[in-house]
Structures are given as C-alpha cells and as structure tokens.
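Colleague: Supplied in structure tokens, the structure appears directly below.
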Amino acid sequence: MKQLTADEQGWVREVSDKKRIVLIGAGYGGILTAKKLERKLRKRSDVELTIIDKRPYHTMLTELHEVAANRVPEDAIRIDLKKVFAHRNINVVMDEVQNVDFDGKKVISEKHTYDYDYLVLGTGSKPTFYGVEGAKEHTFKLWSYDDAVLLKEQILKMFRLASMERNHYERTKMLTFVVVGCGFTGVEMVGELGEYKDELCRDFNIPKEDVKIYVADALPSVLPNYPVKLIKKAEKRLHKLGVEILTSMSVTEVTEHSVCLNGERSIETNTVIWAAGVEGSDLMETVEIDKKARNRVETNDKLQALDHDNVYVVGDNAYYIPKGHERPIPQMVENAEHSASTVAHNILAELSGNDLKSYTPTFHGSMCCIGGKYGVAEVGTPKRMFAMSGFFAMFVKHLINVVYFIQVAGFNKVWTYAMHEIFHIRERRSLLGGHFAKASPNFWLLPLRLFLGYKWLDQGLHKLPGVIADPSKIFLIPAKATATSVTSSGGQVAGAVVDATSAATTAAADTVVEVAVDVTSSASQAVEATAGAAQAAGEVVEAASQWGQALPVPEFIADIVNWSMDLMFYTPEGGFTVMAEIFQAAMVIGEVIVGLCLLAGLFTALASLASIVMGLMIWSSGMAPVEMLWYLAGGVATIGGSGSVFGMDYYVLPVLKKYWKNIKFVKKYYLYTD
Ligand SMILES: Cc1cc2nc3c(=O)[nH]c(=O)nc-3n(C[C@H](O)[C@H](O)[C@H](O)COP(=O)(O)OP(=O)(O)OC[C@H]3O[C@@H](n4cnc5c(N)ncnc54)[C@H](O)[C@@H]3O)c2cc1C
C-alpha cells in the first residue's frame with residue numbers, strides 16, 4: 001500500500017524509500033544521461049528514474065535551420081519522447097519546471113512537485129540579446145521547434161505577400177532578410193535561406209535580384225573560430241547564394257521594420273533573425289544556485305553543482321573550466337554527449353558506493369553546413385585538426401548525426417533521417433543532390449514486376465517436376481572439382497565439366513553450345529577416368545543448356561564458393577550430400593514463391609531482395625547466363641514499393657505494420673519505420 005504525506009506547501013505526496021533520480025530536460029545531454037542510467041538500473045526496484053521536459057518530444061536543435069528554410073519537413077527534427085523511452089523503466093513526464101528547492105530536494109512545477117535524491121539539470125540555453133534595444137521583441141529566434149516553424153511561415157508569407165505588393169518600399173521590406181550572428185547558427189541559417197530563396201523566387205515569380213539577404217556581426221569575419229582557408233570558402237559560398245556579409249557591424253537597435261547597424265546604417269526589413277548568442281534557459285535564471293557567465297551552473301570536475309553535490313549538471317547548463325584550460329567547456333552537442341556519460345557514471349557510482357570520475361572533455365571538431373549541398377568542417381583531435389569542405393564536410397555532419405540517432409532512437413530514426421535528408425529531399429538540396437530522390441510514380445514498375453515474377457515462376461515450374469521426381473538428381477550445383485584431373489587429360493575445354501564458370505570464360509568456350517558439345521566429348525574421356533566426372537558432364541550440359549552462356553565470376557569469389565560447396569555439398573567421394581538436395585529443392589521452391597509473390601505484389605520488397613540474392617547465388621556458382629543480369633536489375637528496381645500498385649502489399653502491409661509496431665521488442669529497439 002502506498003504511504004502518503006502532505007508537505008509544507010500542502011502537496012500530497014507518496015512516501016517512498018526508493019532512491020529518486022530526476023532529470024530536467026530531455027535535450028542532447030538529458031536524453032543520453034537518462035538512457036545510460038536506465039540501461040544500468042533497469043532491474044533495480046529500489047531506484048526510480050524520472051525525466052521531465054516541457055515538450056513531449058526531443059528537438060534536434062542542430063537541424064532547426066533546415067525546417068526554417070523548408071529543406072526537411074517539420075517532423076524531421078522532433079523525436080517523440082514516448083518513442084525514445086518505449087518499454088524502458090523510466091517515468092516520462094511532460095511538465096514545465098518553474099523552480100527547484102535544493103535544500104528540500106524538490107523540483108517544482110506549476111501543479112506538481114517531484115522529490116529527488118539526485119537531480120540532473122539539463123535545460124539547455126535560450127537566445128541572449130546583449131541589451132540591444134528591440135531585439136527581443138522584434139526578431140525571429142531559432143532556438144526551438146516552434147521558432148523554426150514560425151520562421152518558415154514568416155519567410156513563406158513574405159514571398160507570398162511580396163508577389164502581390166505594388167508598393168516598392170513595402171515590397172523591398174518583405175524581400176529583405178537580415179540574420180544577426182556570423183557564428184555557426186547564423187551562417188547555417190543564412191546559407192539555408194540563400195538556397196531556399198531560389199525555389200521561392202521561382203514559385204512566386206519574383207526576380208532573384210529583388211531579394212536581399214544579409215548576415216551581420218560585430219566580429220570581423222564569419223565563423224571566426226575557423227582557419228582562414230575555411231572562412232574564405234564559407235564566404236565564397238555565401239556570396240554564391242546571394243548573401244551579403246556585413247562583418248564588424250554591431251546591431252544597435254531593432255524595430256518592427258528595420259535593423260540599425262553601428263548606430264548609423266539602417267536596413268529596412270520585416271524579418272530579422274536573431275542568432276547572435278545564448279544564455280542559460282529560463283529555469284537557470286530562476287534557480288538559486290551558484291552560476292557563472294550568462295546563467296550557467298558552476299560545477300566541479302565531477303559535474304556536481306558546487307554547493308549541492310547531489311545536483312549534477314549536463315550539457316549547456318554546465319559551467320566548468322577543465323584543468324589547464326582558460327575557457328569553460330563549449331555549449332555544443334559533443335559536450336552534452338560527453339558530459340552525459342560522466343553524469344550517468346557518477347550517479348551510478350554514488351548508488352553503488354564506487355569512486356566518481358572526473359569530466360575530461362575532448363573536442364573532435366565542428367561542422368557548419370551552408371545550404372544542403374555544401375559545408376565546411378574542422379575535425380580531428382585536439383592535437384591535430386583537419387579542415388574540409390564541400391561533400392566531405394557534409395558527409396561528416398551526416399555521419400555524426402547518424403551516430404547520435406543510433407543512440408537515441410536506433411534504426412527507426414536513422415531510417416527517417418535518411419528519408420528526409422536524401423531520399424525524399426526536394427529541389428536537390430542534399431549532399432548527393434537529387435540523385436536518390438526521385439519521387440516517380442510506382443505504377444511504371446508494374447510491367448517489370450509482373451515480367452520478373454513470370455520469369456521466376458517459369459524457371460521454378462520448369463524444374464519443379466524434376467525435383468519432385470528425383471530429389472537426389474542434382475542439376476543446380478556443379479559437380480565436385482575432383483575432375484580437374486580429367487581436365488588436364490581432356491584438354492582446356494574439358495575443364496568446363498567441373499566448372500561452368502571457367503568453361504564460359506575460357507577462350508575456347510565461345511558459346512554454351514560449344515561448351516556443351518566439348519563438355520560432352522570431354523566427358524567421354526572423363527568417364528574413363530572417373531564415373532563421377534561423367535555424371536558431372538551430363539549435369540553441366542543440362543545446366544548450360546538451361547541457362548545459356550555463363551557470366552564470368554572473379555576468381556576469388558569462385559574460390560570462396562568452391563570452398564563453401566566443398567564444405568556443404570560434396571561427399572569425400574565426390575558425390576552430393578543431403579544438404580545439396582535440400583539446397584536445390586529450396587532454390588526451386590524459392591523460384592516458384594518469388595515468382596508468385598512478384599506476380600501478386602505480395603511482400604514485394606522481400607521477393608525482390610530474394611530475386612537479387614538468388615541471382616547472385618546462381619551467378620557465383622558459375623552457372624548464370626547473361627539473362628541473369630535482368631533478374632538482378634529487375635530485383636533492384638522493384639524493391640521500393642512496386643507492390644503497392646495493383647498488388648496485395650497495398651492492403652496487407654499497412655495491417656502488418658500496425659501489428660509489428662506494437663510488438664514490445666520492436667518498439668523497444670526501434671525496429672520499425674514510421
Ligand atoms: C540552431 C542551432 C544550431 C546548432 N548547431 C550546432 C551544431 O552544429 N553543433 C553543435 O555542437 N551544437 C550546435 N548547437 C548547440 C547545441 O544544440 C546545444 O549545445 C545542445 O542542444 C545542448 O544540449 P542540452 O542537452 O544542454 O540542451 P537542449 O538540447 O537545449 O535541451 C534542453 C531541454 O530542456 C527542456 N527544458 C528547458 N527548460 C525546461 C523546463 N523549465 N522544464 C522542463 N524542460 C525544460 C527543453 O524543452 C529541451 O528539451 C546548435 C544550437 C542551435 C539552436
């Protein structure tokens with residue numbers, strides 16, 4: 001039975017002897033800390049884990065500009081927290097924390113209090129305005145999902161209104177955009193906007209020259225932490241995208257329709273985007289705890305708040321200067337990820353009475369994309385950094401995102417990320433352009449799917465009677481290479497008796513007919529040598545006549561295949577094993593099933609994959625004719641959804657998907673697509 005008590009404020013609470021760990025904020029730091037803790041504490045009934053966030057989803061802040069400039073859909077940058085923590089032993093609470101009573105060990109929101117023994121603060125940052133007049137009121141921010149959506153709507157609205165506006169002055173304000181801040185966020189945003197404007201100009205019939213995009217900063221260059229070489233590249237790219245760079249220009253005032261630079265130059269605009277700096281979240285402003293530089297909580301090397309050692313700080317909220325450094329750890333994702341490991345480790349160590357470890361941040365670089373196709377990056381180790389740009393920089397950025405997504409939501413998130421960034425990308429705005437992003441209608445594939453299905457079925461039905469009549473008569477597997485001895489006596493072409501591949505590739509074996517004829521004649525010699533070789537000859541004749549001229553197989557693949565066949569299919573005497581019979585029967589039945597599935601459009605992706613696998617197996621065995629290339633290419637073409645056109649997949653897959661997604665381990669390990 002639960003025991004209840006009322007606290008000083010009158011809140012009724014459950015009395016518990018469990019150790020309670022409460023995490024505030026499911027951002028980069030909070031989510032990883034929670035997952036690491038949960039993994040270790042899953043089976044401990046004496047510990048209770050709770051994560052609280054004011055939003056029901058985790059936001060990928062590093063991708064906000066992609067939504068703001070319509071590169072990816074809105075849902076691409078959120079992950080539902082219920083999904084992240086599905087079937088995990090943790091309470092996921094949506095609530096906005098208002099304050100923390102550190103002495104009473106209570107987290108306080110408007111309607112609830114949450115007791116804790118250990119607290120993790122991970123509430124991230126918000127924009128800071130350095131006291132610039134009008135900046136807070138009249139700028140668009142880029143620090144949350146809502147900010148990105150709002151900004152996207154504003155950009156679209158401005159183009160829509162401008163296309164109908166006759167007043168030149170009003171139209172100019174609508175088509176002028178100013179991004180404040182030349183750091184990563186500002187450059188990523190302005191680059192993305194430069195790319196997006198081309199599409200908008202086309203859609204709204206607005207000449208590109210009418211659109212003005214500025215990026216302004218008090219600093220003397222864009223991306224000032226980068227080497228000059230990369231800065232130059234970034235500037236060049238921005239110019240190419242039509243962005244005017246205004247460096248050494250401080251924003252001194254922002255009004256509803258203008259931004260003032262250095263107190264003298266004014267730019268008339270309806271859209272100022274603020275990307276100029278950050279400070280601790282609203283909660284960091286409220287809580288009474290030792291803070292430093294713009295509301296970050298000062299910590300020791302164990303990432304414990306200085307005056308409360310049961311309070312840990314993760315990610316942007318932490319202010320800690322590592323030994324030998326002059327500056328605090330940077331407010332970046334890598335730091336959030338690394339600090340999560342330390343915090344999780346130390347809480348676990350406290351629970352089990354072990355030693356706490358110190359936080360030793362490592363820095364492996366940063367990447368900045370300028371639109372969807374180009375980026376600059378500096379990656380490596382603290383001792384040696386490598387500058388890169390263009391495709392490679394973008395590739396690294398995607399790779400790092402994928403590594404993060406694997407930790408947060410596994411296959412499911414990696415899949416949707418690939419879909420959003422590559423396969424469903426619009427306007428060629430990906431590192432691979434639009435090469436993999438063709439949204440062509442599936443119905444063009446219908447004839448190919450039916451043809452492929454018919455061919456497999458035809459093959460299968462042709463062989464099936466033979467398998468049924470005598471399963472021990474092997475005709476899909478070449479005879480054992482013991483007859484090589486026969487080859488040497490029977491001449492070059494006779495080698496085909498034992499190996500259709502070599503036969504097909506031998507200069508003398510111009511056509512399969514020749515091969516078959518030569519094989520037959522050679523086989524007569526082989527008969528004299530061994531009875532097994534004669535049998536092989538007959539079999540290859542059959543196989544060769546069935547498939548036509550064999551495709552060549554690289555030697556190393558032939559070696560692997562021969563080795564595995566030796567292992568499984570041949571007896572020491574050179575005959576065939578039971579495995580060979582089973583394999584042959586399975587192949588023939590497989591051909592029939594694949595054919596039927598493709599014709600019916602049922603499980604088409606699997607049937608297409610099977611078509612490829614079977615094709616590869618036949619090819620690697622050295623018995624594939626040129627025709628087999630059709631089966632392979634056809635299989636590749638029909639993988640992606642061809643069964644949804646006049647096929648049973650259209651009806652069956654949605655039902656199966658629904659059931660699949662509800663299976664416990666599928667949910668827990670993210671083994672589904674949305
Ligand atoms: C546009 C943009 C681009 C960026 N690009 C990069 C980049 O390319 N590389 C890089 O390394 N870094 C980048 N950053 C910085 C990076 O996103 C942050 O360093 C990182 O998000 C910090 O993680 P965190 O866990 O500390 O906080 P966050 O990820 O910000 O998470 C904080 C969480 O706390 C929740 N929260 C806040 N207050 C409360 C409350 N009172 N109650 C309950 N929940 C609350 C929020 O909803 C949020 O989920 C970028 C940031 C932005 C905004």
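Starting from 1 in every chain, residues are counted up; chains themselves are A, B, ... following the order of the structure tokens, and ligands are numbered from 1 as listed.
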Could you give me, as a Markdown table, a per-residue list for chain A showing, wherever an atom lies at most 6 Å from an atom of ligand 1, the closest pair of atoms and their distance in Å to one decimal, using only C-alpha atoms and all ligand atoms and sorting by chain then residue number from low to high?
Modeller:
```
| residue | atom | partner | partner_atom_place_in_ligand_line | distance |
| --- | --- | --- | --- | --- |
| A:Ile24 | CA | ligand 1 | 43 (C) | 5.5 |
| A:Gly25 | CA | ligand 1 | 34 (O) | 3.3 |
| A:Ala26 | CA | ligand 1 | 49 (O) | 4.4 |
| A:Gly27 | CA | ligand 1 | 31 (O) | 3.0 |
| A:Tyr28 | CA | ligand 1 | 25 (O) | 3.8 |
| A:Gly29 | CA | ligand 1 | 25 (O) | 3.6 |
| A:Gly30 | CA | ligand 1 | 25 (O) | 5.3 |
| A:Ile52 | CA | ligand 1 | 43 (C) | 5.6 |
| A:Asp53 | CA | ligand 1 | 44 (N) | 3.5 |
| A:Lys54 | CA | ligand 1 | 43 (C) | 4.1 |
| A:Arg55 | CA | ligand 1 | 47 (O) | 5.3 |
| A:His58 | CA | ligand 1 | 49 (O) | 5.5 |
| A:Leu61 | CA | ligand 1 | 17 (O) | 4.7 |
| A:Thr62 | CA | ligand 1 | 5 (N) | 3.7 |
| A:Leu64 | CA | ligand 1 | 1 (C) | 5.1 |
| A:Asp95 | CA | ligand 1 | 43 (C) | 5.9 |
| A:Glu96 | CA | ligand 1 | 42 (N) | 3.7 |
| A:Val97 | CA | ligand 1 | 42 (N) | 3.9 |
| A:Gln98 | CA | ligand 1 | 41 (N) | 5.7 |
| A:Gly122 | CA | ligand 1 | 26 (O) | 5.1 |
| A:Thr123 | CA | ligand 1 | 34 (O) | 3.4 |
| A:Gly124 | CA | ligand 1 | 27 (O) | 3.3 |
| A:Ser125 | CA | ligand 1 | 30 (O) | 5.5 |
| A:Leu142 | CA | ligand 1 | 1 (C) | 5.4 |
| A:Trp143 | CA | ligand 1 | 53 (C) | 4.2 |
| A:Thr185 | CA | ligand 1 | 3 (C) | 4.8 |
| A:Ser281 | CA | ligand 1 | 38 (N) | 5.8 |
| A:Leu283 | CA | ligand 1 | 41 (N) | 4.9 |
| A:Gly315 | CA | ligand 1 | 26 (O) | 3.4 |
| A:Asp316 | CA | ligand 1 | 26 (O) | 3.8 |
| A:Asn317 | CA | ligand 1 | 26 (O) | 5.8 |
| A:Gln331 | CA | ligand 1 | 19 (O) | 4.3 |
| A:Met332 | CA | ligand 1 | 19 (O) | 3.3 |
| A:Val333 | CA | ligand 1 | 11 (O) | 3.8 |
| A:Glu334 | CA | ligand 1 | 11 (O) | 5.6 |
| A:Ala336 | CA | ligand 1 | 23 (O) | 5.2 |
```
Colleague: Using the chain letters and numbers from this document, which residues of range 145-183 of chain A does DSSP assign to alpha helix (DSSP H), as a list of chain:residue names?
Modeller: A:Tyr145, A:Asp146, A:Asp147, A:Ala148, A:Val149, A:Leu150, A:Leu151, A:Lys152, A:Glu153, A:Gln154, A:Ile155, A:Leu156, A:Lys157, A:Met158, A:Phe159, A:Arg160, A:Leu161, A:Ala162, A:His168, A:Tyr169, A:Glu170, A:Arg171, A:Thr172, A:Lys173, A:Met174
Colleague: Which value, in Å to one decimal, gives the distance between CA of Glu326 in chain A and CA of Leu223 in chain A?
Modeller: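 So the answer is 20.5 Å.
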Colleague: Would you compute the distance between CA of Asn270 in chain A and CA of His257 in chain A? Give it in Å to one decimal.
Modeller: 4.9 Å
Colleague: Compare A:Phe423, A:Glu133, A:Val636, A:Ala234 by their minimum atom-to-atom distance to Gly263 in chain A, counting only C-alpha atoms, and give me the closest one.
Modeller: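 With only C-alpha atoms as the atom set, the closest residue is A:Glu133.
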Colleague: I'd like the neighbourhood of Asp198 in chain A as a PyMOL selection string, where a residue qualifies if any of its atoms comes within 12 Å (using only C-alpha atoms), though same-chain residues fewer than 2 positions away should be ignored.
Modeller: chain A and resi 69+159+191-196+200-211+240-242+371+427-429
Colleague: Would you compute the distance between CA of Arg42 in chain A and CA of Leu348 in chain A? Give it in Å to one decimal.
Modeller: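 One can read the CA of Arg42 in chain A to CA of Leu348 in chain A distance as 12.1 Å.
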Colleague: Under the rule that only C-alpha atoms are counted, which of A:Met60, A:Ala216, A:Ala293, A:Val666 is the nearest residue to Ala276 in chain A?
Modeller: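 That would be A:Ala216, the residue with the smallest distance to Ala276 in chain A.
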